[in-house]
Each structure stands twice: as C-alpha cells, then as structure tokens.
Protein chains: 4
Amino acid sequence: VDVVLGANQYGKAEVRMVTLDRTGERDVVRDLTVGIALSGDLEAVHVTGDNAHVVPTDTQKNTVFAFARQAPVGELEDFALRLGRHFAGQFAAISRARVHIAESGWERLDAHNLRRAGDELRTATVVADKDGAAFVVSGLEGLVVMKTAGSEFTGYIKDRFTTLPETRDRILATAVTARWRHASSSGDWGASFAAARSELLARFAAHHSLSLQQTLYEMGAGVLRARPEIAEVRLSLPNRHHFLVDLSPFGLDNDNRVFRAEDRPYGLIEAVLTRPDAPPPGPAWEPYPLI
Amino acid sequence: VDVVLGANQYGKAEVRMVTLDRTGERDVVRDLTVGIALSGDLEAVHVTGDNAHVVPTDTQKNTVFAFARQAPVGELEDFALRLGRHFAGQFAAISRARVHIAESGWERLDAHNLRRAGDELRTATVVADKDGAAFVVSGLEGLVVMKTAGSEFTGYIKDRFTTLPETRDRILATAVTARWRHASSSGDWGASFAAARSELLARFAAHHSLSLQQTLYEMGAGVLRARPEIAEVRLSLPNRHHFLVDLSPFGLDNDNRVFRAEDRPYGLIEAVLTRPDAPPPGPAWEPYPLI
Amino acid sequence: VDVVLGANQYGKAEVRMVTLDRTGERDVVRDLTVGIALSGDLEAVHVTGDNAHVVPTDTQKNTVFAFARQAPVGELEDFALRLGRHFAGQFAAISRARVHIAESGWERLDAHNLRRAGDELRTATVVADKDGAAFVVSGLEGLVVMKTAGSEFTGYIKDRFTTLPETRDRILATAVTARWRHASSSGDWGASFAAARSELLARFAAHHSLSLQQTLYEMGAGVLRARPEIAEVRLSLPNRHHFLVDLSPFGLDNDNRVFRAEDRPYGLIEAVLTRPDAPPPGPAWEPYPLI
Amino acid sequence: VDVVLGANQYGKAEVRMVTLDRTGERDVVRDLTVGIALSGDLEAVHVTGDNAHVVPTDTQKNTVFAFARQAPVGELEDFALRLGRHFAGQFAAISRARVHIAESGWERLDAHNLRRAGDELRTATVVADKDGAAFVVSGLEGLVVMKTAGSEFTGYIKDRFTTLPETRDRILATAVTARWRHASSSGDWGASFAAARSELLARFAAHHSLSLQQTLYEMGAGVLRARPEIAEVRLSLPNRHHFLVDLSPFGLDNDNRVFRAEDRPYGLIEAVLTRPDAPPPGPAWEPYPLI
C-alpha cells in the first residue's frame, strides 16, 4: 500500500428547510439550514469507486425533509439527535454521523405574519456513533455586541514594530460565535440555550474589559458557572476594530466621538474553557469541514 | 469631436463611520455607511486628465468624518442634506451632489453596552443642486417578512411552457427594499420613517394576497395614503420562493408543512407608486451606480 | 384615483443554466445566469390582484431552459434576443421584455474536462418591444486590472478637509464593469465583444494616467473609435485603493514597495461616452433593478 | 479552580498586503492575504486581563509589512516561515505561531500592467514552534473543474428515502480546496506547488469517475505518488450539482443537454490521504479558526 486513507467524511451541506405548523392559534415557522456528514467503512468507495456503502447525499437531504414531516422538529438538538441516530444506526457501513443545524429566528407580527429577527443564528451540532453514544454541542453565531465604555488595552509587549498607543478607553465590538458542549445527550435544550445566551450577554456587559481575551474568558466562564449541564465552552471573537479618526488636521479634537469601522484586517481571539470534571469530548469537536 | 462625454459622476463609496455620544445618561451609537457622488463641470478631467475641478474622493471621506464631529449626525436625512449642500455649494465646478447613507440599528443592553439589531438598514438619499434645490428619499432594506396564510396565486396565463400549479394557499416571503421620496426637503424625518415602516408592515400583514404585485401595491399605496409628506414610493420585492417538498415517494402527505427555501432563481417584482399631485422628482432617482 | 401606478416590471432573476454540447470533437459548455423582466398592461394585477395578464416567473424560467434545448444558445446577444422577442411578442399584455445574461468562461483541459476561467463575466442585455424594436447592450464585469507605473494624481482642489498628498507615481487598480450599446440589433457579436474587450485592456495599459477619470475616458473612447458598430459605452470603475504603508517608525523607507489594499471605502468613477451620431438609446438603459 | 483554560490562540486575520518590485525588466506584484495566530503562556491575559505576555495584533500586522520591506517575500512558504519563526522565537511567552497566506495571481499585460488571473488562490500555512520545529502545508482554493463525460454514480444504498436515479453519465463539477503537508520544512516550494497543482488537474481529467470520493482519492493519491516531498494530502470537494432539467412537459428530450446549476444544498466530500511512512503531523492541522 503506497497511500493510506485517513479521516474522511461526506454528506449534504446547507439543506434549506422551512417548516410550518398552523395547528395552533398562531402559526409557527422554523427556518433551518441542515448539514450532514457521515463516516465509517468507506475505503472501497475511495479506492475503487464501489458505492455499495454509500448513502447518497441526495437521500440524506430527503431524509431531513421526511423526518420533519413525520414528527415536529422540536428543539434543534433533538432534531439533530433524531437525524444523527438514524444515519449512524441504520446503515451497517456508517459508524458515525454529524448533524449540524443553524436556525434563523422569526418574530411574529400577528397570527399569520412574521418578520425575520436578524442575522443571529442558533446552532446545534450532534455527533452520533453506532454504539449509541451521542455528543451534543449548542451554540450561536452573529451576536454582534459593543461596549462603548469600560474597555481598555494597556501593558502589552512593545517591540520595534509596535506603533499602537495604549488606551484606557476604547470601543470594543465583536461578533460572537459560541459553541458549548453538554455533559449529557439529553436535556432541556431550550431553557439551557436561553440561559446560556443570556449569560453571554450579561457577562459581556457587566465586566470591565482589559483585553478581548479577558472578555472572552468572562463570557465563557460565566456560562460554565451558571449552567451545570454545560461541560465546555468555545468562543471565537473577532475584534471589530473601530479606529479613532485623526481630526487634528481639521482643527478638531476627537475624544472618542468619531470612528472608522474597518473590515479587514481584524484581530481574532479564540479559546476553549472547560469544567475541571468535564466528561471527555469524544468526537464532538472533530473538524468540519475537514480543512 | 468624435466622442461625447455624457452623464458622469464620481465619489467615495462605503465610508464606514461610527459615532459615539456619551454626554447623556445612555451612550448613543450611530453606525453609518456613507456614499457620495459628485457631478458638474468635469469634462477636462476626463478628456485631458486636468484635475483642477476635482474634489478628491479622499477629501470627501475626510469631510464626512469632520462634519460628524462638528455637529451631531442627527436624522440621516439631515446629515445627508448637510453633506450634499456642502459639496454642491462649496466648489464652483461641482453642481450636484448625491449623498446616500445606510444605518444599522443597535439595541441597548444597558448604558454602555449594545447589541446590533439585525441586518435591516434605514437609508436616506439626498440629491443637492448648486441652486439650492434638494431632493430627499428615505427608505429601508433587508426587512424580511413572511405570510404563512392569506396568500394565493391563480388565474395567470398558461402557455406551453407553464408547469406551475395554481395555489389558493402558499407561503409568501420577501425581503423588502423600499424608497420613498418626500415632497419637501424639510420634515420630521424620524417620525415619518417610523410611520412609513410601520405602514409597510401593517399593510403586508393585513391584506389577503392574490399576487406579490398586489402585495407591493397595497404596501406602497398604504404609505402614500397614510403619509401626506411622501410623494412617491418605490418597492423592490424579491419573491423568496418556498417550494413544497414532494414527500409522496415516502408515503407522506405535505399540506403546507415542509418547504425547501431556494436562493436562486427568484422572482423580482418592482413598481413605482406616486401621488397624483406629486411634485416632479428632479434628479432624485438618477441611477447610482450608473450601470 | 389617489395613487398612480408608475413604472413597473417583474420577472425571474438569476436562472442558473448550464448547457452541454457533446456533438463535436470537444465538449462545449455554456454557463449562464439569465434574468428576465417584463412590463406592459399590468395595472390590474397590482390594483386588484387579477393575474390574467401575468406570465408567471416560473414559466419564464421554464422558457429559458426549453429555448436552450430547441436550438443552441449561440452568442449571448442572440439568445437574449430570442427570449426577449418571445416574451414581448407572444403575450398581448406584455409590451416589453428585458433579458440579461451573464456568462462564466470555462477553459478546456481536454475534450471532456474544463477549468473555470475566473470570475470575469461576459454580459448581454436586450430590451425587446412589442413593435419589434430591440436594443442590444453588451458588456463585461470583474475584469480586474492594475497599473504599476504610469499613474499619477496631482493638481486637484485642496480645501480645509484635504490631507491626501499629491503623487507622481502610484498603483492604480480597478475592477472594470463595462456596458456598450450597439447601434443595431444585429451583428457579429462574438467578434465585436472580443475586439471591445481587447481595446479596453489595450487602452488601459497604453495610456499614462493622470486620474482614473482620464483612464475611463481613454478606455471608453478607444472602444468607440475602434468599433463603429458600438454607439455608446458606459464604464463604472471602482478605485481599488492601494495605500503606501508608513514604514518609517521601523526605520524603513517605502518607495512604492509595500501597500495595504483596502476594501472600503473606495472611489467610484462612472461615465457615459457616446458617438455624436449615436441613435437614441430607447429603453436600453432603463434601470434594473428599479431601485 | 472551577474553570480550566484549554486551547487558545489569538492574532491578526486577513492582512491585505500588495508588494511591488520594479527593479527588473517587468514589474512583479504579489497580492497576499496574511493571517497570524499565536499561542503560549496566555493564562494571565484571559483570567486577569494582564497583557504583559501579549504581542498586540496591531504589531503583528506591522511586522508583516516591515518584513516584506526588509527582504523580498519570495515563496509563500518561506515568507510564512520567516514570520512564524519570528513570532515563535522572539517573545518568551509565545511558544507557537501559525501563519497562513493566500495569494491571488496576476497575469502580465506588459511591463507595467497586469490583469488578475481569477479567483483561485495559492495558500501556505506554517506552524512554527519555539524549539525551532516548523510544519509546512501548501495548498490551493477555488480551482473549479468539470467533467462533461466519464462520470457515473450507481450501485449505492437504496432505502425508503431514496429517489435519486442511478446514472452512467453525468456532469461532475467541483471547486477544489486542497492542502498538502510537506515532510520537511525546507524545499523548492515553487516547483513543488506547480507540480502538485498540475497533478491534481491531470488526475481529475484522466480518470473515469464512479463517485466523487473516488475522484478525490485519485487526485490525492496522484499527488502523493508524484511528489515524494509531500507526506499528506487533504481534499475538500463540494459537489456542485448540475441537475438535468425535465423538459418532457414541453415535448423535448434532454440527453445531457440542459442543466440547472444549484447553489444549495451541495454534497461535500472530504478525506485525508497519507504516505505510509509520513512523519507525524505535529500541530500542522490544528484547527483555525478554533470553531
């Protein structure tokens, strides 16, 4: 053997599904984007093109739609578990399924009309194994927040390439991507999500920031302290820079009044926080996409 | 002369400016994207590269920042008027200035912390002429709405390429882009905007839709009827298709339960509605970008 | 009547169609994105929701696919003419059709394998009227070019907000969007396109630039001078700024060596050039989308 | 301790740098996007906001610019090594640096004018450790290819959710993202890249595809077989679906003539291929971003 097949996975990405429930007083819309990745005994399809072990990605897509009709979607995590256990359990060659769902929120205008709530997404990722083990990660993306006071940045390393002035007072803004791993594969997902999100916002707002790293830690530790069902939190915080515009050429001061917002480059701050007694993550964080 | 220079304009696009006011009890953030386009006696710069009549786009950008420091931004329309009148008035060669501003909303968490409200934008466009005339267009983008009942589509032309079945009951969703021209260049812009937006939402929700064209008309006419200061409304409504998934191969019915949301292609429905006695639009709607 | 319906149009946008011809020695792929907009006697659908005059956008999409099967696509302009004349001619209520097509290029690797040529697009827009008149505009987008010498910017207006230093030597880069209107609705579209594109590139490269406006003029006038079948050229040139990085804090000079490329804000330079004896444009340039 | 800080990294992302060398007969432009991530002894900054160990991301950006002035960028991999070794070596607290560079190609029009070559990117990622070890991964993104013959998909699992018909003849298209790890941290990067890219294209074109997994394997194995300096290849291949349009309602057949190209959902096929005697990857593939 001159070439070894290592980690591999395949599946359908970005299945856009909207479900509607009009059985109650007010219509309920769920707006989901579902992605699936399967792995297992897939050597033959790679090496010889024998598809006998392949569940087509088209079938994966169909299954998402059919499952949503067979029973209500319910909590994201539960729907991901249903799908994940199906794919990992139903096909001899498939030993592991990863299901990722992102949900857009809609606010009600009245019983039959809604407005999309913005671009923040609630997410759930489940990795289900053939032996029945399942790992559940919840999260959110696109939560854009700003501190207009209570943020400084001083005391950092200066070398010959440093030009950044220290500041005791700056705007700090970020778009939160957060994922948190649950200790168990069952739970009250909705309540847990609401509380975790609320804690992220509260900690961001309440603390005095000496660096974005510290802000990240405060937010993540806050979630772990508040929610015993959560074993691990991962945060990815881009620093959305707001630079003071130099108005002195125009005879104007600028005491934190006028900023230019810059798209690129941006700082990116990331960390993993865990409870000391967290159960092992198993395959919960295996990379997707792989590269 | 073998080549004639026709319409032309130039300017700085997408100046990202954030302003902060911490003088009150609660900090106020304004998050603006400003674009400027100037026109006038610009034959020489095109034909010979003589820049004597050119206000550099870099200077235009500086002016946006300086103006925001010299006095509060205030209503979008007023800030656009300040900028437009400056550029059209201050430079002999520049006879017309177009200023477009898009604002992102931020919701307060507390006195010093905010959360971005979503991806809906409030917009204002001003065209200011050297003679002092100014044309004001207000608007919004990214208002995504959905009717989960009360929408049908029947009675249309059938030809040999028609396969679409008629329906008495469908999901109707769109992302509203609206622009409305004011009869006057002064007004209570904030109150007018809030009322117009509210009317768009109310008419969308209240009416029974026989087509997206009718929905558009209801929304636009509603604004004209409710707001005497508005002379003209333009709406651009993409039909965000939600197609019923055929679940019959799986032995499942699908009575408006499970839909796939499709990105492309999409229907696009556009129209102009005016008050019969609307003053002429002047250059209010001149295209930008030009192509 | 308290509300007047003005300009309006509707249609299917962004129909993604790929055609394959395997009848020759080497397979031929065409990769098109087609958009259609119809207008005419559409008062009723707006005001009362009566769809009797509406050709559904779904049917428009079907027609694109069917026409491509009935006869080869051929030149973009010809395919747009076929579609436009069909929609404007076939339905009593529809008096005008606009068809826009953008094509991605693919380069051959061998008889049955291709590589996409990049993100530049060739475009064609046809406006066809019920009376048989048709207006043809050809063009391109995403042609990104750079001058690394032979570009200056001096002699412009200085006011109190000017900080930009004059320069005799700068990088000039832009992403060309060009549209050119043909004097006639028939022609050798392929040869004309190749020659016009080539002229745009040649003029960009050959001239010494005193401003981006002058560069635009050189490019557009070059096309008009070289191609008698072209009556009018419109160019939209974003100035993709490359700013010299100030390396002096690090004891380094920077004589046009190291630049930061900035996404936003950017200058935007636009103009229309016509032949003095150009036939009138008719509806060739009516805005799409409307706002 | 109630919260444990796990993996963490921070740095500047998407530094857009263009360098120009006009010392030769023809100007040479390099168009790079550089991202840096540092890790090490960063507990204090997270837990207490003590920045004494922090090299600001602003300084990281400055360093990229300064390094490009101090010596020519040269091969991407070498520039990433210079930067990575600087950050990992220069600061006591920083034990590891990850540098990722993506380069856009430009084609020459003449000595002083260029055209951007498309949206394909050449990439290099270096992870440098304080002890001097360095891991080099090269790659590319956005290489879009299509097989118009020689692709089938049959023999897969059918279950109750399967509707996809088997096919002996389909369009197969993908946008290749490839990364390959070098066995050594020195090499002739340019020659290696050119050969690896060429092999990817040649294998894609030459083989008869029974599935996209097999195509992936052929491409990756081809690189490993052709290039002894490469220890591992990772490929991520989205299946850019081209669905045959059903033209039978219009009385037309469609023998692989007319397709609709669909954006979402899409299949995603990923795998890792290694040489049996490949040296261990060390931190070469540590995830970035972390989530």
# chains A, B, ... in the order shown; residues from 1 in each chain; ligands from 1
$ residues_around --residues "range 18-29 of chain C" --least-positions-apart "6" --cutoff "10 Å" --atoms "only C-alpha atoms" --output "ChimeraX atom specification"
/C:65,68-69,72-73,103-108,110-114 /D:146-149,171,242-244,255-261
$ interface_residues --of "chain B" --to "chain C" --cutoff "7 Å" --atoms "only C-alpha atoms" --output "ChimeraX atom specification"
/B:2-15,45-49,51-59,62-63,154-157,161-164,210-211,213-214,217,221,236,264-276,290-291
$ select_by_dssp --residues "range 157-224 of chain B" --states "strand (DSSP E)" --output "NGL selection string"
:B and (172-182)
$ select_by_dssp --residues "range 155-216 of chain C" --states "alpha helix (DSSP H)" --output "list of chain:residue names"
C:Trp189, C:Gly190, C:Ala191, C:Ser192, C:Phe193, C:Ala194, C:Ala195, C:Ala196, C:Arg197, C:Ser198, C:Glu199, C:Leu200, C:Leu201, C:Ala202, C:Arg203, C:Phe204, C:Ala205, C:Ala206, C:Leu212, C:Gln213, C:Gln214, C:Thr215, C:Leu216
$ residues_around --residues "Ala88 in chain C" --least-positions-apart "6" --cutoff "12 Å" --atoms "only C-alpha atoms" --output "list in words"
Ile36, Ala37, Leu38, Ser39, Gly40, Asp41, Val55, Gln60, Ala80, Leu81, Arg82, Ile94, Ser95, Arg96, Ala97, Arg98, Val99, Val126, Val127, Ala128, Asp129, Lys130, Asp131, Gly132, Ala133 and Ala134 of chain C
$ residues_around --residues "Leu109 in chain D" --least-positions-apart "6" --cutoff "10 Å" --atoms "only C-alpha atoms" --output "ChimeraX atom specification"
/C:145-147,201-202,204-205 /D:115
$ write_last_selection --atoms "C-alpha atoms" --output "tab-separated table (two decimals), in the first residue's frame"
chain	number	residue	atom	x	y	z
C	145	VAL	CA	-6.51	45.33	-13.81
C	146	MET	CA	-3.58	47.21	-12.31
C	147	LYS	CA	-1.04	49.75	-13.50
C	201	LEU	CA	-7.28	46.29	-21.98
C	202	ALA	CA	-5.00	47.89	-24.56
C	204	PHE	CA	-5.80	50.82	-20.02
C	205	ALA	CA	-2.26	49.59	-20.48
D	115	ARG	CA	-4.74	41.52	-15.02
$ closest_residue --among "B:Met219, B:Leu83, B:Ala102, B:Leu140" --to "Ala194 in chain B" --atoms "only C-alpha atoms"
B:Leu140
